[in-house]
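Asks: Pasting a structure below so you can have a look.
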Amino acid sequence: MEREFRAVLRPGDAPPDAPSERSCGGCTLCCTVLRVDELGKLGGTPCAKLRADAGGCGIYQSRPSICRRYRCLWLQGAFQEADRPDRIGAVLDLLTRAGTTHLAVREAAPGALDRSERLGAIAGRYRAFMPVHVTDAHDVMNPDAPVRVLLPDGVEQRIEGEWVTTLRSGCPAERRRLSWFQRRVRQLLQWLRAARLRWVSGRSPE
């Protein structure tokens, strides 16, 4: 499984190996979010194995290992039963990068967080003690895709390309360019994304 999809749970959440009676049902949002090398599938692209007529996975019994192991927070037992990702409009994971844990909210459609009262309540609960990163589930390969970072006390950062706008209580308070180091890291990520696109385009799915 890719490192970015390893959830790190906080106290009160279900541990990764806890038995869960929940099942995906008709939800297939993770089939867009996940990168599946065995199928030559990029993150952010709907899986070609999804059945448009009946829904669900067309190769469920023989699906790749990342698909078998991945469980979003809801599937692990977090939140309410009614908070299935396709119902609240986003896939939610707790992720750790560079030693910092954040809640990843990958919207099924742009603006889902603002439209869903329940999703907004969940994000509000988590932003009190960790950053909440809001992105478009269909745009993860775009290095210039906007990212919303929700922080405590009504502070929000909106990252677009090399620029970061800080808002306080919804009003713009500061706009700055990423640091030299951050820009170099971004350039490296762009190169890695381009390399992966070339690799996938030249590979035939199994």
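Naming works like this for the structure tokens: A, B, ... for the chains as they're shown, residue 1 at the start of each chain, ligands 1 onward in shown order.
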Using only C-alpha atoms, which residues sit within 7 Å of A:Asp93 once same-chain residues fewer than 2 positions away are excluded, as a ChimeraX atom specification?

Replies: /A:7,72-73,91,95,103-105

Asks: Pull the strand (DSSP E or B) assignments for stretch 121-179 of chain A out of DSSP run on the backbone, and list those residues as a VMD selection string.

Replies: chain A and resid 132 to 136 147 to 150 155 to 160 163 to 168 171 to 177

Asks: Next, write the just-selected residues to a file, as a tab-separated table (two decimals), in the first residue's frame, keeping N, CA and C atoms as the atom set.

Replies:
```
chain	number	residue	atom	x	y	z
A	132	VAL	N	-6.58	19.75	8.71
A	132	VAL	CA	-7.52	19.03	7.84
A	132	VAL	C	-7.25	19.47	6.41
A	133	HIS	N	-6.80	18.54	5.57
A	133	HIS	CA	-6.46	18.84	4.18
A	133	HIS	C	-7.64	18.44	3.29
A	134	VAL	N	-8.17	19.39	2.55
A	134	VAL	CA	-9.33	19.16	1.69
A	134	VAL	C	-8.89	19.24	0.24
A	135	THR	N	-9.09	18.14	-0.51
A	135	THR	CA	-8.70	18.11	-1.92
A	135	THR	C	-9.81	17.45	-2.73
A	136	ASP	N	-9.67	17.54	-4.05
A	136	ASP	CA	-10.60	16.92	-4.98
A	136	ASP	C	-10.11	15.51	-5.28
A	147	VAL	N	-5.54	23.22	-2.63
A	147	VAL	CA	-5.65	22.46	-1.39
A	147	VAL	C	-6.11	23.42	-0.30
A	148	ARG	N	-7.14	23.02	0.42
A	148	ARG	CA	-7.58	23.78	1.59
A	148	ARG	C	-7.02	23.10	2.84
A	149	VAL	N	-6.40	23.87	3.71
A	149	VAL	CA	-5.88	23.34	4.97
A	149	VAL	C	-6.61	24.06	6.10
A	150	LEU	N	-7.47	23.34	6.81
A	150	LEU	CA	-8.24	23.92	7.90
A	150	LEU	C	-7.46	23.76	9.20
A	155	VAL	N	-8.76	29.50	11.33
A	155	VAL	CA	-7.71	29.81	10.36
A	155	VAL	C	-7.74	28.77	9.24
A	156	GLU	N	-7.60	29.25	8.01
A	156	GLU	CA	-7.58	28.36	6.85
A	156	GLU	C	-6.49	28.82	5.89
A	157	GLN	N	-5.80	27.86	5.30
A	157	GLN	CA	-4.82	28.15	4.26
A	157	GLN	C	-5.33	27.57	2.95
A	158	ARG	N	-5.20	28.34	1.88
A	158	ARG	CA	-5.56	27.86	0.55
A	158	ARG	C	-4.30	27.89	-0.31
A	159	ILE	N	-3.87	26.71	-0.72
A	159	ILE	CA	-2.62	26.57	-1.46
A	159	ILE	C	-2.96	26.33	-2.92
A	160	GLU	N	-2.47	27.20	-3.78
A	160	GLU	CA	-2.67	27.07	-5.23
A	160	GLU	C	-1.34	27.33	-5.91
A	163	TRP	N	1.59	29.54	-4.33
A	163	TRP	CA	1.10	30.60	-3.46
A	163	TRP	C	0.17	30.07	-2.37
A	164	VAL	N	0.28	30.67	-1.18
A	164	VAL	CA	-0.53	30.30	-0.03
A	164	VAL	C	-1.28	31.54	0.46
A	165	THR	N	-2.60	31.43	0.52
A	165	THR	CA	-3.42	32.51	1.07
A	165	THR	C	-3.96	32.07	2.42
A	166	THR	N	-3.72	32.87	3.44
A	166	THR	CA	-4.22	32.57	4.78
A	166	THR	C	-5.48	33.38	5.03
A	167	LEU	N	-6.53	32.69	5.49
A	167	LEU	CA	-7.79	33.35	5.81
A	167	LEU	C	-8.05	33.20	7.30
A	168	ARG	N	-8.62	34.23	7.88
A	168	ARG	CA	-9.05	34.20	9.28
A	168	ARG	C	-10.53	34.56	9.33
A	171	CYS	N	-11.93	35.62	5.98
A	171	CYS	CA	-11.42	36.81	5.31
A	171	CYS	C	-9.92	36.67	5.03
A	172	PRO	N	-9.48	36.97	3.79
A	172	PRO	CA	-8.05	36.88	3.48
A	172	PRO	C	-7.23	37.79	4.39
A	173	ALA	N	-6.15	37.22	4.99
A	173	ALA	CA	-5.32	37.99	5.90
A	173	ALA	C	-3.88	38.10	5.41
A	174	GLU	N	-3.45	37.14	4.60
A	174	GLU	CA	-2.05	37.14	4.15
A	174	GLU	C	-1.93	36.29	2.90
A	175	ARG	N	-1.03	36.71	2.00
A	175	ARG	CA	-0.72	35.92	0.81
A	175	ARG	C	0.79	35.90	0.65
A	176	ARG	N	1.35	34.70	0.53
A	176	ARG	CA	2.79	34.58	0.42
A	176	ARG	C	3.14	33.46	-0.56
A	177	ARG	N	4.36	33.51	-1.04
A	177	ARG	CA	4.87	32.47	-1.92
A	177	ARG	C	5.52	31.39	-1.09
```

Asks: List every residue of stretch 19-108 of chain A that DSSP, applied to the backbone of this structure, places in helix (DSSP H, G or I), and write the result as a ChimeraX atom specification.

Replies: /A:30-33,37-39,60-62,65-69,73-76,81-83,85-88

Asks: For stretch 25-29 of chain A, list every protein, DNA or RNA residue within 10 Å, evaluated using only C-alpha atoms, and leave out those in the same chain fewer than 6 positions away; present the list as a CSV table (one decimal) with N, CA and C atoms, in the first residue's frame.

Replies:
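Output saved as part-v3.csv:
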```
chain,number,residue,atom,x,y,z
A,44,GLY,N,-6.8,9.1,-8.4
A,44,GLY,CA,-7.6,10.2,-8.9
A,44,GLY,C,-8.4,9.9,-10.1
A,46,PRO,N,-11.1,7.1,-12.0
A,46,PRO,CA,-12.0,6.0,-11.7
A,46,PRO,C,-11.4,4.7,-12.3
A,47,CYS,N,-11.6,3.7,-11.5
A,47,CYS,CA,-11.0,2.4,-12.0
A,47,CYS,C,-11.8,1.8,-13.2
A,50,LEU,N,-14.6,-0.9,-12.5
A,50,LEU,CA,-15.9,-0.6,-12.0
A,50,LEU,C,-17.0,-1.0,-13.0
A,54,ALA,N,-24.1,-2.4,-12.9
A,54,ALA,CA,-24.6,-2.8,-11.6
A,54,ALA,C,-23.9,-2.2,-10.4
A,55,GLY,N,-22.8,-1.4,-10.7
A,55,GLY,CA,-22.0,-0.8,-9.7
A,55,GLY,C,-21.1,-1.9,-9.0
A,56,GLY,N,-20.1,-1.4,-8.3
A,56,GLY,CA,-19.2,-2.3,-7.6
A,56,GLY,C,-18.0,-2.7,-8.5
A,57,CYS,N,-17.2,-3.6,-7.9
A,57,CYS,CA,-16.0,-4.0,-8.6
A,57,CYS,C,-16.2,-5.2,-9.5
A,84,ARG,N,-21.2,7.1,5.6
A,84,ARG,CA,-20.5,6.4,4.5
A,84,ARG,C,-20.0,7.4,3.5
A,85,PRO,N,-18.8,7.2,3.0
A,85,PRO,CA,-18.2,8.3,2.1
A,85,PRO,C,-19.1,8.8,1.0
A,86,ASP,N,-19.8,7.9,0.3
A,86,ASP,CA,-20.6,8.4,-0.8
A,86,ASP,C,-21.8,9.2,-0.3
A,87,ARG,N,-22.2,9.0,1.0
A,87,ARG,CA,-23.3,9.8,1.5
A,87,ARG,C,-23.0,11.1,2.0
A,89,GLY,N,-20.1,12.6,0.9
A,89,GLY,CA,-19.5,13.3,-0.2
A,89,GLY,C,-18.0,13.3,-0.2
A,90,ALA,N,-17.3,12.5,0.6
A,90,ALA,CA,-15.8,12.5,0.7
A,90,ALA,C,-15.3,11.2,1.3
A,91,VAL,N,-14.1,10.8,0.9
A,91,VAL,CA,-13.3,9.8,1.6
A,91,VAL,C,-12.4,10.4,2.6
A,106,ARG,N,-11.0,13.9,0.9
A,106,ARG,CA,-11.0,13.9,-0.6
A,106,ARG,C,-12.4,14.0,-1.1
A,107,GLU,N,-12.8,15.2,-1.6
A,107,GLU,CA,-14.2,15.4,-1.9
A,107,GLU,C,-14.5,14.6,-3.2
A,108,ALA,N,-15.7,14.0,-3.2
A,108,ALA,CA,-16.2,13.4,-4.4
A,108,ALA,C,-16.5,14.4,-5.5
A,137,ALA,N,-10.9,14.5,-5.0
A,137,ALA,CA,-10.5,13.1,-5.2
A,137,ALA,C,-10.1,12.8,-6.7
A,138,HIS,N,-10.6,13.6,-7.6
A,138,HIS,CA,-10.4,13.4,-9.0
A,138,HIS,C,-9.2,14.2,-9.6
```

Asks: Quick one: distance from atom CA of A:Leu92 to atom CA of A:Pro152 in Å, one decimal?

Replies: 18.6 Å

Asks: Please identify all polymer residues within 10 Å of A:Glu162, counting only C-alpha atoms, omitting same-chain residues fewer than 3 positions from it, and present them as a list in words.

Replies: Pro143, Asp144, Ile159, Arg176, Arg177, Leu178, Ser179, Trp180, Gln182, Arg183 and Arg186 of chain A
